[in-house]
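Structure file my_file29.txt with compact mmCIF, C-alpha atoms and all ligand atoms:
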# COMPACT_ATOMS: atom_id res chain seq x y z
CA MET A 1130 -35.39 41.94 -86.32
CA ASP A 1131 -35.78 39.98 -83.10
CA ARG A 1132 -36.74 36.45 -84.02
CA ASP A 1133 -37.96 33.57 -81.90
CA GLN A 1134 -35.40 30.94 -81.08
CA LEU A 1135 -36.12 27.25 -81.40
CA ASP A 1136 -37.44 25.86 -78.10
CA VAL A 1137 -34.87 23.15 -77.47
CA ASP A 1138 -36.44 21.92 -74.21
CA LEU A 1139 -39.80 21.49 -75.88
CA ILE A 1140 -38.20 19.67 -78.81
CA ALA A 1141 -36.18 17.37 -76.53
CA ALA A 1142 -39.29 16.60 -74.44
CA ALA A 1143 -41.34 15.80 -77.53
CA LEU A 1144 -38.67 13.36 -78.71
CA ALA A 1145 -37.87 11.85 -75.31
CA ALA A 1146 -39.57 8.54 -76.08
CA SER A 1147 -37.83 8.21 -79.43
CA SER A 1148 -35.57 5.27 -80.11
CA LEU A 1149 -33.82 7.05 -83.00
CA TRP A 1150 -33.10 10.53 -81.76
CA GLN A 1151 -30.08 9.99 -79.54
CA ASP A 1152 -28.69 13.43 -79.45
CA LEU A 1153 -30.03 16.77 -80.60
CA ILE A 1154 -27.25 19.29 -80.99
CA TYR A 1155 -28.40 22.89 -81.11
CA ARG A 1156 -26.12 25.74 -82.11
CA GLN A 1157 -26.71 29.43 -82.69
CA SER A 1158 -24.32 29.70 -85.60
CA VAL A 1159 -22.25 27.18 -87.52
CA GLY A 1160 -20.57 27.09 -90.91
CA SER A 1161 -22.76 24.24 -92.18
CA THR A 1162 -24.79 21.81 -90.07
CA ASN A 1163 -23.73 19.07 -92.53
CA ASP A 1164 -20.10 19.73 -91.69
CA VAL A 1165 -20.76 19.63 -87.94
CA ALA A 1166 -22.68 16.37 -88.34
CA LYS A 1167 -19.89 14.90 -90.49
CA GLU A 1168 -17.28 15.76 -87.89
CA LEU A 1169 -19.38 14.15 -85.18
CA ALA A 1170 -19.96 11.09 -87.34
CA SER A 1171 -16.23 10.72 -88.03
CA GLY A 1172 -15.70 10.86 -84.26
CA GLY A 1173 -18.11 7.94 -83.80
CA ALA A 1174 -21.39 9.73 -82.99
CA PRO A 1175 -24.38 7.37 -83.11
CA GLU A 1176 -27.08 7.18 -85.71
CA GLY A 1177 -29.90 9.52 -84.81
CA THR A 1178 -27.66 12.46 -83.98
CA ALA A 1179 -29.24 15.63 -85.34
CA VAL A 1180 -27.57 19.01 -85.64
CA VAL A 1181 -29.76 22.09 -85.75
CA ALA A 1182 -28.65 25.71 -86.06
CA GLU A 1183 -30.28 29.12 -86.14
CA GLU A 1184 -27.72 30.37 -88.63
CA GLN A 1185 -25.24 29.00 -91.16
CA THR A 1186 -22.37 31.14 -92.34
CA ALA A 1187 -21.40 28.67 -95.05
CA GLY A 1188 -24.61 26.78 -95.82
CA ARG A 1189 -24.15 24.49 -98.80
CA GLY A 1190 -26.23 23.17 -101.65
CA ARG A 1191 -25.08 20.56 -104.13
CA LEU A 1192 -21.99 21.14 -106.26
CA ALA A 1193 -20.61 23.67 -103.78
CA ARG A 1194 -23.54 26.01 -104.28
CA ARG A 1195 -24.67 28.20 -101.42
CA TRP A 1196 -27.69 27.78 -99.19
CA VAL A 1197 -28.82 31.13 -97.81
CA ALA A 1198 -31.13 31.58 -94.84
CA PRO A 1199 -31.69 34.66 -92.66
CA PRO A 1200 -30.86 33.69 -89.03
CA GLY A 1201 -33.79 32.50 -86.92
CA THR A 1202 -36.23 32.12 -89.82
CA SER A 1203 -35.64 28.63 -91.13
CA LEU A 1204 -34.99 25.03 -90.25
CA LEU A 1205 -31.37 24.12 -90.85
CA CYS A 1206 -30.90 20.56 -89.78
CA SER A 1207 -28.55 17.65 -90.50
CA ILE A 1208 -29.27 14.08 -89.59
CA LEU A 1209 -26.72 11.30 -89.14
CA PHE A 1210 -27.72 7.85 -90.38
CA ARG A 1211 -25.70 4.65 -90.33
CA PRO A 1212 -27.89 2.59 -92.61
CA THR A 1213 -27.41 -0.96 -93.81
CA LEU A 1214 -27.82 0.08 -97.43
CA ARG A 1215 -25.54 -0.27 -100.39
CA PRO A 1216 -23.90 3.01 -101.43
CA THR A 1217 -26.11 3.19 -104.53
CA GLN A 1218 -29.18 3.07 -102.26
CA ALA A 1219 -28.23 6.11 -100.17
CA HIS A 1220 -30.68 8.23 -102.13
CA ARG A 1221 -33.48 6.39 -100.31
CA LEU A 1222 -32.65 8.54 -97.30
CA THR A 1223 -33.16 11.68 -99.38
CA MET A 1224 -36.49 10.26 -100.51
CA LEU A 1225 -37.77 9.53 -97.03
CA CYS A 1226 -36.55 12.82 -95.58
CA SER A 1227 -38.17 14.85 -98.39
CA MET A 1228 -41.50 13.12 -97.84
CA ALA A 1229 -41.21 13.58 -94.08
CA ALA A 1230 -40.50 17.30 -94.58
CA ALA A 1231 -43.36 17.77 -97.04
CA ASP A 1232 -45.78 15.99 -94.70
CA ALA A 1233 -44.61 17.95 -91.65
CA ILE A 1234 -45.24 21.24 -93.50
CA GLY A 1235 -48.59 19.92 -94.72
CA GLN A 1236 -49.67 19.16 -91.18
CA LEU A 1237 -49.12 22.72 -89.96
CA THR A 1238 -50.46 24.51 -93.04
CA SER A 1239 -52.87 23.81 -95.84
CA LEU A 1240 -50.06 23.95 -98.39
CA ALA A 1241 -49.78 21.28 -101.06
CA VAL A 1242 -46.07 20.60 -101.03
CA HIS A 1243 -44.66 18.75 -104.04
CA LEU A 1244 -41.31 17.10 -104.61
CA LYS A 1245 -38.99 17.92 -107.46
CA TRP A 1246 -36.29 15.48 -108.53
CA PRO A 1247 -33.78 15.05 -107.05
CA ASN A 1248 -33.88 17.03 -103.83
CA ASP A 1249 -36.30 19.98 -103.73
CA LEU A 1250 -39.59 20.71 -102.02
CA ILE A 1251 -41.69 23.03 -104.14
CA VAL A 1252 -45.09 24.67 -104.13
CA ASP A 1253 -47.24 25.97 -106.91
CA SER A 1254 -47.56 29.64 -105.95
CA ARG A 1255 -50.53 30.11 -108.24
CA GLY A 1256 -52.58 28.44 -105.46
CA SER A 1257 -56.09 27.72 -106.64
CA GLU A 1258 -56.03 30.46 -109.28
CA PRO A 1259 -56.22 29.36 -112.90
CA GLY A 1260 -53.22 29.81 -115.19
CA PRO A 1261 -49.84 28.20 -115.69
CA GLN A 1262 -48.10 26.58 -112.75
CA ARG A 1263 -45.56 28.70 -110.92
CA TRP A 1264 -43.19 26.44 -109.03
CA HIS A 1265 -41.22 27.96 -106.18
CA LYS A 1266 -38.61 26.33 -103.97
CA LEU A 1267 -39.50 25.91 -100.32
CA ALA A 1268 -36.74 23.61 -99.18
CA GLY A 1269 -33.67 21.72 -100.34
CA ILE A 1270 -31.90 18.59 -99.22
CA LEU A 1271 -28.19 17.83 -99.35
CA THR A 1272 -27.28 14.18 -98.84
CA GLU A 1273 -23.63 13.32 -98.34
CA ALA A 1274 -22.37 9.78 -97.94
CA GLU A 1275 -19.09 8.57 -96.48
CA LEU A 1276 -17.74 5.21 -97.52
CA ALA A 1277 -15.62 2.76 -95.55
CA ARG A 1278 -14.08 0.54 -98.20
CA ASP A 1279 -17.05 -0.27 -100.43
CA ASN A 1280 -19.75 0.13 -97.77
CA LEU A 1281 -21.61 3.10 -96.40
CA ASP A 1282 -19.98 4.24 -93.19
CA PHE A 1283 -22.52 6.99 -92.61
CA VAL A 1284 -24.88 9.31 -94.46
CA ILE A 1285 -25.67 12.88 -93.54
CA VAL A 1286 -28.96 14.29 -94.78
CA GLY A 1287 -29.06 18.07 -94.51
CA ILE A 1288 -32.47 19.70 -94.71
CA GLY A 1289 -33.02 23.41 -95.21
CA ILE A 1290 -36.60 24.67 -95.03
CA ASN A 1291 -37.53 28.32 -95.54
CA VAL A 1292 -40.08 28.62 -92.75
CA ASN A 1293 -40.75 32.19 -91.61
CA VAL A 1294 -38.78 34.12 -94.20
CA PRO A 1295 -40.83 37.25 -94.94
CA HIS A 1296 -41.81 38.08 -98.51
CA GLU A 1297 -39.42 41.01 -98.74
CA GLU A 1298 -36.41 38.87 -97.78
CA LEU A 1299 -37.05 36.08 -100.27
CA VAL A 1300 -35.19 37.92 -103.03
CA ASP A 1301 -32.01 37.67 -100.94
CA LEU A 1302 -32.18 33.86 -100.97
CA ALA A 1303 -32.33 32.89 -104.64
CA PRO A 1304 -34.50 33.45 -107.71
CA GLY A 1305 -37.67 31.40 -107.30
CA ALA A 1306 -37.31 30.94 -103.54
CA THR A 1307 -40.35 30.99 -101.31
CA SER A 1308 -41.14 30.24 -97.68
CA VAL A 1309 -43.82 28.44 -95.72
CA SER A 1310 -45.07 31.70 -94.19
CA ALA A 1311 -45.12 33.53 -97.54
CA GLU A 1312 -47.19 30.77 -99.12
CA ALA A 1313 -49.44 29.95 -96.16
CA GLY A 1314 -50.05 33.58 -95.19
CA HIS A 1315 -49.11 32.97 -91.55
CA GLU A 1316 -46.01 32.15 -89.56
CA VAL A 1317 -45.40 28.62 -88.40
CA ASP A 1318 -43.96 27.45 -85.09
CA ARG A 1319 -40.50 26.24 -86.12
CA SER A 1320 -40.10 24.03 -83.05
CA ALA A 1321 -43.36 22.24 -83.81
CA LEU A 1322 -42.27 21.86 -87.43
CA LEU A 1323 -38.94 20.37 -86.39
CA VAL A 1324 -40.64 17.92 -84.03
CA GLY A 1325 -43.09 16.95 -86.79
CA LEU A 1326 -40.21 16.48 -89.22
CA LEU A 1327 -38.06 14.37 -86.90
CA LYS A 1328 -40.97 12.17 -85.83
CA ARG A 1329 -41.85 11.48 -89.43
CA VAL A 1330 -38.24 10.77 -90.34
CA GLU A 1331 -38.09 8.27 -87.47
CA ASN A 1332 -41.28 6.56 -88.62
CA ARG A 1333 -40.19 6.36 -92.24
CA TYR A 1334 -36.66 5.27 -91.35
CA GLY A 1335 -38.12 2.47 -89.22
CA ARG A 1336 -40.05 1.32 -92.26
CA LEU A 1337 -36.90 1.46 -94.38
CA GLN A 1338 -35.05 -0.65 -91.81
CA ARG A 1339 -37.86 -3.20 -92.00
CA GLY A 1340 -37.18 -3.52 -95.70
CA GLU A 1341 -39.65 -1.04 -97.16
CA ASN A 1342 -38.39 0.95 -100.12
CA PRO A 1343 -39.66 4.57 -100.17
CA HIS A 1344 -39.08 4.73 -103.91
CA GLN A 1345 -42.61 4.01 -105.14
CA GLU A 1346 -44.32 6.62 -102.99
CA TRP A 1347 -41.58 9.15 -103.66
CA SER A 1348 -41.79 8.72 -107.43
CA GLU A 1349 -45.58 9.10 -107.31
CA ARG A 1350 -45.15 12.41 -105.52
CA LEU A 1351 -42.64 13.90 -107.94
CA ALA A 1352 -44.11 16.90 -109.72
CA THR A 1353 -41.58 16.38 -112.49
CA LEU A 1354 -42.68 12.98 -113.76
CA GLY A 1355 -44.49 12.66 -117.04
CA ARG A 1356 -43.61 16.26 -117.79
CA GLU A 1357 -41.46 17.91 -120.38
CA VAL A 1358 -38.35 19.10 -118.60
CA ARG A 1359 -35.01 20.68 -119.27
CA VAL A 1360 -32.18 18.88 -117.51
CA ARG A 1361 -28.78 20.44 -116.94
CA THR A 1362 -25.78 18.41 -115.84
CA ALA A 1363 -22.27 19.73 -115.40
CA GLU A 1364 -21.55 18.82 -119.03
CA ARG A 1365 -24.76 19.24 -121.01
CA SER A 1366 -28.33 20.43 -121.26
CA LEU A 1367 -31.07 18.06 -122.41
CA LEU A 1368 -34.72 18.49 -123.25
CA GLY A 1369 -37.09 15.57 -122.85
CA VAL A 1370 -39.85 13.89 -120.95
CA ALA A 1371 -39.11 12.75 -117.39
CA GLU A 1372 -40.44 9.21 -117.75
CA GLY A 1373 -39.60 7.89 -114.35
CA VAL A 1374 -37.03 7.31 -111.65
CA ASP A 1375 -35.30 3.98 -111.11
CA ALA A 1376 -34.85 2.18 -107.79
CA ASP A 1377 -31.68 4.13 -106.99
CA GLY A 1378 -33.41 7.44 -107.61
CA ALA A 1379 -31.84 8.15 -110.99
CA LEU A 1380 -33.99 10.13 -113.42
CA LEU A 1381 -34.99 8.41 -116.65
CA LEU A 1382 -35.28 11.00 -119.36
CA ARG A 1383 -36.70 10.30 -122.82
CA THR A 1384 -34.81 12.78 -124.95
CA GLU A 1385 -35.87 14.42 -128.20
CA ASP A 1386 -34.09 11.78 -130.30
CA GLY A 1387 -36.03 8.99 -128.54
CA SER A 1388 -33.18 7.62 -126.44
CA LEU A 1389 -33.47 7.02 -122.70
CA GLU A 1390 -30.91 8.79 -120.53
CA ARG A 1391 -30.23 7.77 -116.92
CA LEU A 1392 -29.19 10.76 -114.84
CA LEU A 1393 -27.95 10.56 -111.26
CA ALA A 1394 -27.26 14.24 -110.62
CA ALA A 1395 -28.62 17.19 -112.51
CA ASP A 1396 -30.90 20.21 -112.26
CA VAL A 1397 -34.36 20.01 -113.65
CA THR A 1398 -36.62 22.82 -114.80
CA LEU A 1399 -40.18 22.16 -115.78
CA ALA A 1400 -40.36 23.23 -119.41
CA ALA A 1401 -44.00 24.31 -119.12
CA GLY A 1402 -44.63 26.56 -116.15
C1 LIG A 1501 -30.06 22.22 -102.25
O1 LIG A 1501 -29.03 22.31 -103.14
O2 LIG A 1501 -31.18 22.57 -102.46
C2 LIG A 1501 -29.64 21.63 -100.90
C3 LIG A 1501 -29.80 22.61 -99.79
C4 LIG A 1501 -29.50 21.97 -98.46
C5 LIG A 1501 -29.44 22.99 -97.38
C6 LIG A 1501 -29.28 22.35 -96.02
S1 LIG A 1501 -29.45 23.47 -94.72
C7 LIG A 1501 -28.87 22.33 -93.58
C8 LIG A 1501 -27.74 21.58 -94.27
N1 LIG A 1501 -26.46 22.26 -94.09
C9 LIG A 1501 -25.98 22.69 -95.25
O3 LIG A 1501 -24.91 23.32 -95.40
N2 LIG A 1501 -26.81 22.37 -96.26
C10 LIG A 1501 -27.96 21.63 -95.78
P1 LIG A 1501 -29.17 22.70 -104.67
O4 LIG A 1501 -30.23 21.86 -105.32
O5 LIG A 1501 -27.80 22.64 -105.22
O6 LIG A 1501 -29.72 24.16 -104.64
C11 LIG A 1501 -28.88 25.23 -104.32
C12 LIG A 1501 -29.45 26.45 -105.03
O7 LIG A 1501 -30.70 26.81 -104.40
C13 LIG A 1501 -28.58 27.68 -104.92
O8 LIG A 1501 -27.66 27.70 -105.94
C14 LIG A 1501 -29.60 28.80 -105.01
O9 LIG A 1501 -29.91 29.07 -106.37
C15 LIG A 1501 -30.83 28.21 -104.38
N3 LIG A 1501 -31.00 28.62 -102.98
C16 LIG A 1501 -30.08 28.98 -102.06
N4 LIG A 1501 -30.66 29.22 -100.88
C17 LIG A 1501 -31.98 29.01 -101.05
C18 LIG A 1501 -33.10 29.10 -100.20
N5 LIG A 1501 -33.00 29.41 -98.92
N6 LIG A 1501 -34.32 28.81 -100.75
C19 LIG A 1501 -34.47 28.46 -102.04
N7 LIG A 1501 -33.44 28.37 -102.88
C20 LIG A 1501 -32.21 28.64 -102.40
Can you dump the structure from the file as structure tokens?
Amino acid sequence: MDRDQLDVDLIAAALAASSLWQDLIYRQSVGSTNDVAKELASGGAPEGTAVVAEEQTAGRGRLARRWVAPPGTSLLCSILFRPTLRPTQAHRLTMLCSMAAADAIGQLTSLAVHLKWPNDLIVDSRGSEPGPQRWHKLAGILTEAELARDNLDFVIVGIGINVNVPHEELVDLAPGATSVSAEAGHEVDRSALLVGLLKRVENRYGRLQRGENPHQEWSERLATLGREVRVRTAERSLLGVAEGVDADGALLLRTEDGSLERLLAADVTLAAG
């Protein structure tokens, strides 16, 4: 199918007054935008470099999982930050980028986009119909940090949003995947969505640099909190109530035996729904 390309001139013009977005690198096809951004960062590229591609041949999720997106349908974008944060605070960038992405989608559609710990954007596909919630994944974020001695040298935040992936192609992505167009019932201008995303990231990053911690707002927007969840780490599977997230973004899980587990990386399924 012939699909619209991102309008790079329009995007560059919309971001011309930005003090963050130094360089927007647009490619038709790459292995992974995170890898391109990492290479640029290692070569000294400035903060505010963003890499965007129409297609990834080796798109990655966490733990070497795959991120699949039909060419020309999605936003596949990696952002280079050089923040003055401690390494344990790098997750704040994931928090601010997930909220920026959810808000950018919300501005162009009437979708209620929720966040799922630690790195997913989800929607309840039941819409306004009664019945149990049906969470589907709309987007994922992959944050990768590089250390120089004990400090953060740079952080790459990779954002993959399923934008105009038609219903019939969703099954090729992953079980439970959905797209903005499938949920909203209409296609969305990907260039406008990217501009909305990058502007919001800039705004929120400015606030972070002025000392604001995105943690409170992010935790309030997590669909997972206060709910019974199943949590799978590489080593074990736990059932419990997601009581909260701490300042570094770790999940605090009250397990069946009453103890409190602190989890930095895991997969969470909502036990009900
Ligand atoms: C993520 O990992 O959700 C992070 C995805 C980040 C993708 C972006 S795209 C731009 C940048 N460049 C990259 O190479 N990556 C980033 P995780 O939570 O581990 O979820 C991965 C799992 O999501 C897979 O194992 C599949 O089950 C599922 N999945 C794969 N593609 C999907 C899609 N398009 N939509 C929904 N789910 C998908």
Handout entry: Spatial neighbours of Gln1157 of chain A, max dist 7 Å, all atoms listed in the file, sep filter under 4 positions, as a VMD selection string
Key = chain A and resid 1182 to 1184
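Atom CA of Arg1191 of chain A lies 23.5 Å from atom CA of Glu1372 of chain A.
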Axis-aligned box for all listed atoms of ligand LIG 1501 (chain A), 8 Å per side, centre and edges in Å to one decimal, as AutoDock Vina command-line options:
--center_x -29.7 --center_y 25.5 --center_z -100.0 --size_x 25.6 --size_y 23.8 --size_z 28.8
Would you write out, as a Markdown table, a table of all residues in chain A that have an atom no more than 8 Å from an atom of ligand LIG 1501 (chain A), listing for each the closest atom pair and the distance in Å to one decimal, considering all atoms listed in the file and ordering rows by chain and rising residue number?
| residue | atom | partner | partner_atom | distance |
| --- | --- | --- | --- | --- |
| A:Gly1160 | CA | A:LIG1501 | O3 | 7.3 |
| A:Ser1161 | CA | A:LIG1501 | O3 | 4.0 |
| A:Thr1162 | CA | A:LIG1501 | N1 | 4.4 |
| A:Asn1163 | CA | A:LIG1501 | N1 | 4.5 |
| A:Asp1164 | CA | A:LIG1501 | O3 | 7.1 |
| A:Val1181 | CA | A:LIG1501 | C7 | 7.9 |
| A:Gln1185 | CA | A:LIG1501 | O3 | 7.1 |
| A:Ala1187 | CA | A:LIG1501 | O3 | 6.4 |
| A:Gly1188 | CA | A:LIG1501 | O3 | 3.5 |
| A:Arg1189 | CA | A:LIG1501 | O3 | 3.7 |
| A:Gly1190 | CA | A:LIG1501 | O1 | 3.3 |
| A:Arg1191 | CA | A:LIG1501 | O5 | 3.6 |
| A:Leu1192 | CA | A:LIG1501 | O5 | 6.1 |
| A:Ala1193 | CA | A:LIG1501 | O5 | 7.4 |
| A:Arg1194 | CA | A:LIG1501 | O8 | 4.8 |
| A:Arg1195 | CA | A:LIG1501 | C13 | 5.3 |
| A:Trp1196 | CA | A:LIG1501 | N4 | 3.7 |
| A:Val1197 | CA | A:LIG1501 | N4 | 4.1 |
| A:Ala1198 | CA | A:LIG1501 | N5 | 5.0 |
| A:Leu1204 | CA | A:LIG1501 | S1 | 7.3 |
| A:Leu1205 | CA | A:LIG1501 | C7 | 4.1 |
| A:Cys1206 | CA | A:LIG1501 | C7 | 4.7 |
| A:Ser1207 | CA | A:LIG1501 | C8 | 5.5 |
| A:Pro1247 | CA | A:LIG1501 | O4 | 7.9 |
| A:Asn1248 | CA | A:LIG1501 | O4 | 6.2 |
| A:Asp1249 | CA | A:LIG1501 | O2 | 5.9 |
| A:His1265 | CA | A:LIG1501 | C19 | 7.9 |
| A:Lys1266 | CA | A:LIG1501 | C19 | 5.0 |
| A:Leu1267 | CA | A:LIG1501 | C19 | 5.9 |
| A:Ala1268 | CA | A:LIG1501 | N6 | 5.9 |
| A:Gly1269 | CA | A:LIG1501 | O2 | 3.4 |
| A:Ile1270 | CA | A:LIG1501 | C2 | 4.1 |
| A:Leu1271 | CA | A:LIG1501 | C2 | 4.4 |
| A:Val1286 | CA | A:LIG1501 | C8 | 7.4 |
| A:Gly1287 | CA | A:LIG1501 | C8 | 3.8 |
| A:Ile1288 | CA | A:LIG1501 | C6 | 4.3 |
| A:Gly1289 | CA | A:LIG1501 | S1 | 3.6 |
| A:Ile1290 | CA | A:LIG1501 | N5 | 7.1 |
| A:Asn1291 | CA | A:LIG1501 | N5 | 5.8 |
| A:Leu1299 | CA | A:LIG1501 | N6 | 7.8 |
| A:Leu1302 | CA | A:LIG1501 | C17 | 4.9 |
| A:Ala1303 | CA | A:LIG1501 | N3 | 4.8 |
| A:Pro1304 | CA | A:LIG1501 | O9 | 6.5 |
| A:Gly1305 | CA | A:LIG1501 | C19 | 6.8 |
| A:Ala1306 | CA | A:LIG1501 | C19 | 4.1 |
| A:Thr1307 | CA | A:LIG1501 | N6 | 6.4 |
| A:Ser1308 | CA | A:LIG1501 | N6 | 7.6 |
| A:Asp1396 | CA | A:LIG1501 | O4 | 7.2 |
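Of the residues under consideration (A:Thr1362, A:Leu1351, A:Val1159, A:Ser1203), A:Ser1203 shows the shortest atom-to-atom contact distance to Val1294 of chain A when counting only C-alpha atoms.
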Exercise for the section: Just the residues within 12 Å of Ala1143 of chain A, please, counting all atoms listed in the file, with nothing from its chain fewer than 6 positions along; format it as a PyMOL selection string. Expected result: chain A and resi 1136-1137+1150+1153+1320-1328
